[in-house]
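Pasting model01.txt here (compact mmCIF, C-alpha atoms):
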# COMPACT_ATOMS: atom_id res chain seq x y z
CA MET Q 1 39.90 -57.99 -24.81
CA ALA Q 2 39.63 -57.15 -28.52
CA LEU Q 3 41.69 -53.98 -28.05
CA MET Q 4 44.34 -55.91 -26.15
CA ALA Q 5 44.64 -58.52 -28.89
CA ALA Q 6 44.82 -55.82 -31.53
CA ALA Q 7 47.53 -54.02 -29.54
CA PHE Q 8 49.60 -57.22 -29.90
CA ASP Q 9 49.18 -57.11 -33.67
CA GLN Q 10 46.58 -59.87 -33.81
CA ARG Q 11 43.98 -59.47 -36.53
CA VAL Q 12 40.67 -59.00 -34.76
CA ILE Q 13 37.21 -59.47 -36.22
CA MET Q 14 34.20 -58.56 -34.09
CA LEU Q 15 30.89 -60.32 -34.65
CA PHE Q 16 27.57 -59.33 -33.11
CA GLU Q 17 24.54 -61.64 -33.03
CA GLY Q 18 21.40 -62.20 -30.98
CA ASP Q 19 20.77 -59.66 -28.21
CA GLY Q 20 24.46 -58.77 -28.51
CA VAL Q 21 23.56 -56.40 -31.34
CA TYR Q 22 21.89 -54.14 -28.76
CA ALA Q 23 25.42 -53.36 -27.49
CA LEU Q 24 25.83 -51.21 -30.60
CA LEU Q 25 22.72 -49.14 -29.94
CA ASN Q 26 23.20 -45.39 -29.64
CA LYS Q 27 21.79 -43.14 -26.89
CA GLN Q 28 22.82 -45.60 -24.15
CA ARG Q 29 23.28 -43.98 -20.75
CA PRO Q 30 24.71 -46.67 -18.42
CA GLU Q 31 25.83 -43.84 -16.09
CA VAL Q 32 22.21 -43.90 -14.87
CA LEU Q 33 23.07 -47.22 -13.21
CA GLY Q 34 26.57 -46.10 -12.24
CA LEU Q 35 28.10 -48.23 -15.00
CA LYS Q 36 30.78 -47.42 -17.54
CA ASN Q 37 29.75 -46.34 -21.02
CA TYR Q 38 31.50 -48.51 -23.58
CA SER Q 39 30.20 -46.66 -26.63
CA PRO Q 40 33.33 -44.44 -26.91
CA LEU Q 41 35.40 -47.63 -26.87
CA LEU Q 42 33.51 -48.92 -29.90
CA LYS Q 43 34.31 -45.69 -31.70
CA ALA Q 44 38.01 -46.24 -30.90
CA LEU Q 45 38.14 -49.66 -32.59
CA SER Q 46 39.41 -48.24 -35.86
CA VAL Q 47 42.30 -46.57 -34.00
CA TYR Q 48 43.34 -50.08 -32.96
CA ASP Q 49 43.05 -51.26 -36.56
CA ILE Q 50 39.89 -53.22 -35.84
CA ASN Q 51 37.91 -52.44 -38.95
CA ASP Q 52 36.09 -55.72 -39.40
CA VAL Q 53 32.92 -55.35 -37.36
CA PHE Q 54 30.09 -57.58 -38.54
CA VAL Q 55 26.49 -57.79 -37.43
CA GLU Q 56 24.21 -60.69 -38.23
CA GLN Q 57 21.40 -59.49 -40.50
CA GLU Q 58 18.89 -61.97 -39.11
CA SER Q 59 19.42 -60.64 -35.58
CA MET Q 60 18.90 -57.07 -36.77
CA ILE Q 61 15.74 -57.95 -38.69
CA GLU Q 62 14.26 -59.86 -35.73
CA ARG Q 63 14.82 -56.76 -33.57
CA GLU Q 64 13.78 -54.30 -36.31
CA LEU Q 65 17.09 -52.48 -35.96
CA HIS Q 66 18.91 -50.60 -38.69
CA LYS Q 67 22.49 -49.42 -39.04
CA GLY Q 68 21.51 -45.81 -38.41
CA GLN Q 69 20.77 -46.69 -34.77
CA PHE Q 70 24.29 -47.92 -34.10
CA VAL Q 71 27.16 -45.87 -32.67
CA ILE Q 72 29.60 -47.14 -35.32
CA ASP Q 73 29.45 -48.15 -38.94
CA VAL Q 74 29.14 -51.93 -39.27
CA ASN Q 75 28.94 -54.55 -42.00
CA GLU Q 76 25.73 -56.56 -42.17
CA ILE Q 77 26.26 -60.23 -42.97
CA SER Q 78 24.03 -63.29 -43.07
CA ARG Q 79 23.94 -66.02 -40.42
CA VAL Q 80 25.70 -68.37 -42.83
CA GLU Q 81 28.44 -65.85 -43.54
CA LEU Q 82 28.86 -65.12 -39.80
CA LYS Q 83 29.37 -68.83 -39.17
CA ARG Q 84 31.95 -68.89 -41.95
CA GLN Q 85 33.83 -66.02 -40.28
CA MET Q 86 33.89 -67.94 -37.00
CA GLU Q 87 35.14 -71.10 -38.66
CA ALA Q 88 37.92 -69.18 -40.34
CA ALA Q 89 39.23 -67.84 -37.03
CA ASP Q 90 42.19 -69.33 -35.17
CA GLN Q 91 40.65 -68.42 -31.83
CA LEU Q 92 37.06 -67.65 -30.93
CA PHE Q 93 36.05 -65.78 -27.79
CA SER Q 94 32.38 -65.54 -26.82
CA PHE Q 95 30.85 -62.94 -24.53
CA MET L 1 0.80 -61.40 -8.25
CA LEU L 2 3.85 -59.48 -9.46
CA TYR L 3 6.13 -61.16 -11.98
CA ILE L 4 9.64 -59.82 -12.38
CA VAL L 5 11.45 -60.72 -15.59
CA ASN L 6 15.10 -59.86 -16.24
CA LYS L 7 15.88 -61.42 -19.63
CA SER L 8 14.64 -60.58 -23.10
CA HIS L 9 12.27 -62.86 -25.00
CA ALA L 10 15.08 -63.60 -27.45
CA SER L 11 17.55 -64.86 -24.87
CA SER L 12 15.27 -66.71 -22.47
CA GLN L 13 11.96 -68.50 -22.25
CA GLY L 14 11.14 -66.61 -19.03
CA LEU L 15 8.89 -63.93 -20.47
CA HIS L 16 6.91 -66.45 -22.55
CA ASP L 17 6.43 -68.69 -19.52
CA CYS L 18 5.42 -65.76 -17.36
CA LEU L 19 2.82 -64.49 -19.85
CA GLN L 20 1.29 -67.95 -20.13
CA ARG L 21 0.77 -68.07 -16.38
CA ALA L 22 -0.14 -64.49 -15.53
CA SER L 23 -3.87 -63.74 -15.25
CA ALA L 24 -6.18 -60.74 -14.94
CA GLY L 25 -5.00 -58.19 -12.41
CA ASP L 26 -1.45 -59.46 -12.34
CA ALA L 27 1.48 -57.16 -12.99
CA VAL L 28 4.60 -57.92 -14.99
CA LEU L 29 7.72 -55.83 -14.43
CA LEU L 30 10.49 -55.86 -17.01
CA ILE L 31 13.95 -55.12 -15.60
CA GLU L 32 17.55 -55.36 -16.86
CA HIS L 33 17.74 -56.97 -20.34
CA ALA L 34 13.99 -57.67 -20.31
CA VAL L 35 13.37 -54.00 -21.12
CA TYR L 36 14.28 -54.85 -24.74
CA SER L 37 11.03 -56.82 -24.90
CA ALA L 38 9.06 -53.61 -24.25
CA LEU L 39 10.07 -52.34 -27.69
CA ASN L 40 7.35 -52.24 -30.31
CA VAL L 41 8.66 -54.96 -32.62
CA LYS L 42 6.84 -57.86 -34.28
CA GLN L 43 8.76 -60.52 -32.37
CA THR L 44 8.01 -59.45 -28.82
CA PRO L 45 5.49 -61.72 -27.09
CA LEU L 46 4.05 -58.60 -25.45
CA LEU L 47 2.60 -57.46 -28.77
CA THR L 48 -0.57 -59.50 -28.20
CA MET L 49 -0.99 -58.22 -24.64
CA SER L 50 -2.52 -54.84 -25.53
CA HIS L 51 -6.06 -55.93 -24.63
CA SER L 52 -5.15 -58.23 -21.80
CA GLU L 53 -6.02 -57.54 -18.19
CA LEU L 54 -2.34 -57.61 -17.34
CA LYS L 55 -0.45 -54.52 -16.34
CA ILE L 56 2.98 -54.40 -17.92
CA PHE L 57 5.70 -52.20 -16.43
CA ALA L 58 9.26 -51.45 -17.47
CA LEU L 59 12.00 -50.05 -15.25
CA SER L 60 13.05 -46.63 -16.60
CA PRO L 61 16.66 -46.50 -15.37
CA ASP L 62 17.37 -49.87 -17.03
CA MET L 63 15.83 -48.55 -20.26
CA GLN L 64 17.88 -45.35 -20.19
CA ALA L 65 21.08 -47.27 -19.56
CA ARG L 66 20.43 -49.41 -22.65
CA GLY L 67 19.24 -46.66 -24.95
CA VAL L 68 15.70 -48.06 -25.04
CA GLN L 69 13.47 -45.05 -25.77
CA GLN L 70 9.97 -44.80 -24.28
CA ALA L 71 8.64 -43.60 -27.65
CA ALA L 72 9.84 -46.84 -29.27
CA CYS L 73 7.96 -49.03 -26.78
CA LEU L 74 4.48 -50.57 -26.98
CA GLU L 75 1.92 -47.92 -26.08
CA PHE L 76 0.38 -49.81 -23.15
CA ILE L 77 3.67 -50.24 -21.29
CA GLN L 78 3.85 -48.24 -18.07
CA PHE L 79 7.21 -46.87 -16.98
CA VAL L 80 8.35 -46.93 -13.37
CA ASP L 81 11.41 -45.69 -11.49
CA TYR L 82 12.83 -47.37 -8.37
CA GLN L 83 10.09 -45.78 -6.25
CA GLY L 84 7.51 -47.35 -8.56
CA PHE L 85 9.33 -50.69 -8.32
CA VAL L 86 9.00 -50.58 -4.52
CA GLU L 87 5.32 -49.65 -4.78
CA LEU L 88 4.67 -52.61 -7.07
CA VAL L 89 6.30 -54.91 -4.55
CA GLU L 90 4.25 -53.35 -1.76
CA ASN L 91 0.98 -53.63 -3.66
CA ASN L 92 1.37 -57.27 -4.63
CA ALA L 93 1.25 -59.89 -1.92
CA VAL L 94 3.07 -62.49 -3.98
CA LEU L 95 6.16 -61.91 -6.05
CA ARG L 96 7.50 -64.36 -8.59
CA SER L 97 10.86 -63.83 -10.26
CA TYR L 98 11.71 -65.18 -13.70
CA PHE L 99 15.50 -64.91 -13.50

Take the structure in the file and write it out as structure tokens.
Amino acid sequence: MALMAAAFDQRVIMLFEGDGVYALLNKQRPEVLGLKNYSPLLKALSVYDINDVFVEQESMIERELHKGQFVIDVNEISRVELKRQMEAADQLFSF
Amino acid sequence: MLYIVNKSHASSQGLHDCLQRASAGDAVLLIEHAVYSALNVKQTPLLTMSHSELKIFALSPDMQARGVQQAACLEFIQFVDYQGFVELVENNAVLRSYF
């Protein structure tokens, strides 16, 4: 969805919060369950000019996660700042 | 009794509810997103279960798929594959799902 929007020259910002931050975790092997591995897709975001990837700090702290465990480099922002990003968007899609 | 939980403590009340009701000899099996709750972090409600009479299991394939490492889990968690899942179902007369 994000890649598609970016392909149509829309500015895309990706925000991760709650258990969603686990999506960024490295060493995932969904092939074990016969599922597709989306980690390479995350690494391709910059190719699609999606460089604004933000992760809510509070969610990371609650889960004792750090940036080094993620498959891509991300920006850590506060809950308040994440909300601000959402409010600034023209369209918001939740997954 | 065997409790099967499929959502993490952060996204659902299921695991909390289950732990409040489970008693000595019961087994709790964490599957799907619930395997995140097996991780050794301060916020998991399983942290206080180390000396309980409950047996806590986590489904290995679901952990592998999500990049949840055994070494990062609470030390009393037991890991089962699908065969172990079936055995748990066989060995417990009553099964309660927290989905």

- Task: Determine which residues of chain L sit within 8 Å of chain Q, taking into account all atoms listed in the file, and present them as a VMD selection string.
- Result: chain L and resid 10 to 11 41 to 43 61 to 62 64 to 68

- Task: Have a look at L:Leu39, L:Ile56, L:Val80, L:Leu88 and name the one nearest to Cys18 of chain L; count all atoms listed in the file.
- Result: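 Nearest candidate to Cys18 of chain L out of L:Leu39, L:Ile56, L:Val80, L:Leu88: L:Ile56.
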
- Task: Grab the atom CA of Thr44 of chain L to atom CA of Cys73 of chain L distance for me, in Å with one decimal place.
- Result: 10.6 Å

- Task: May I have the residues within 6 Å of Ser60 of chain L as a ChimeraX atom specification, using only C-alpha atoms and disregarding those fewer than 3 positions away in the same chain?
- Result: /L:63,79-81

- Query: For Leu15 of chain L, which residue out of L:Phe76, L:Ser37, L:Leu2, L:Glu90 is the nearest one, using all atoms listed in the file?
  - Reply: L:Ser37

- Message: Quick check, in Å to one decimal: how far apart do atom CA of Asn40 of chain L and atom CA of Ser94 of chain Q lie?
- Response: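 We find that atom CA of Asn40 of chain L and atom CA of Ser94 of chain Q lie 28.6 Å from each other.
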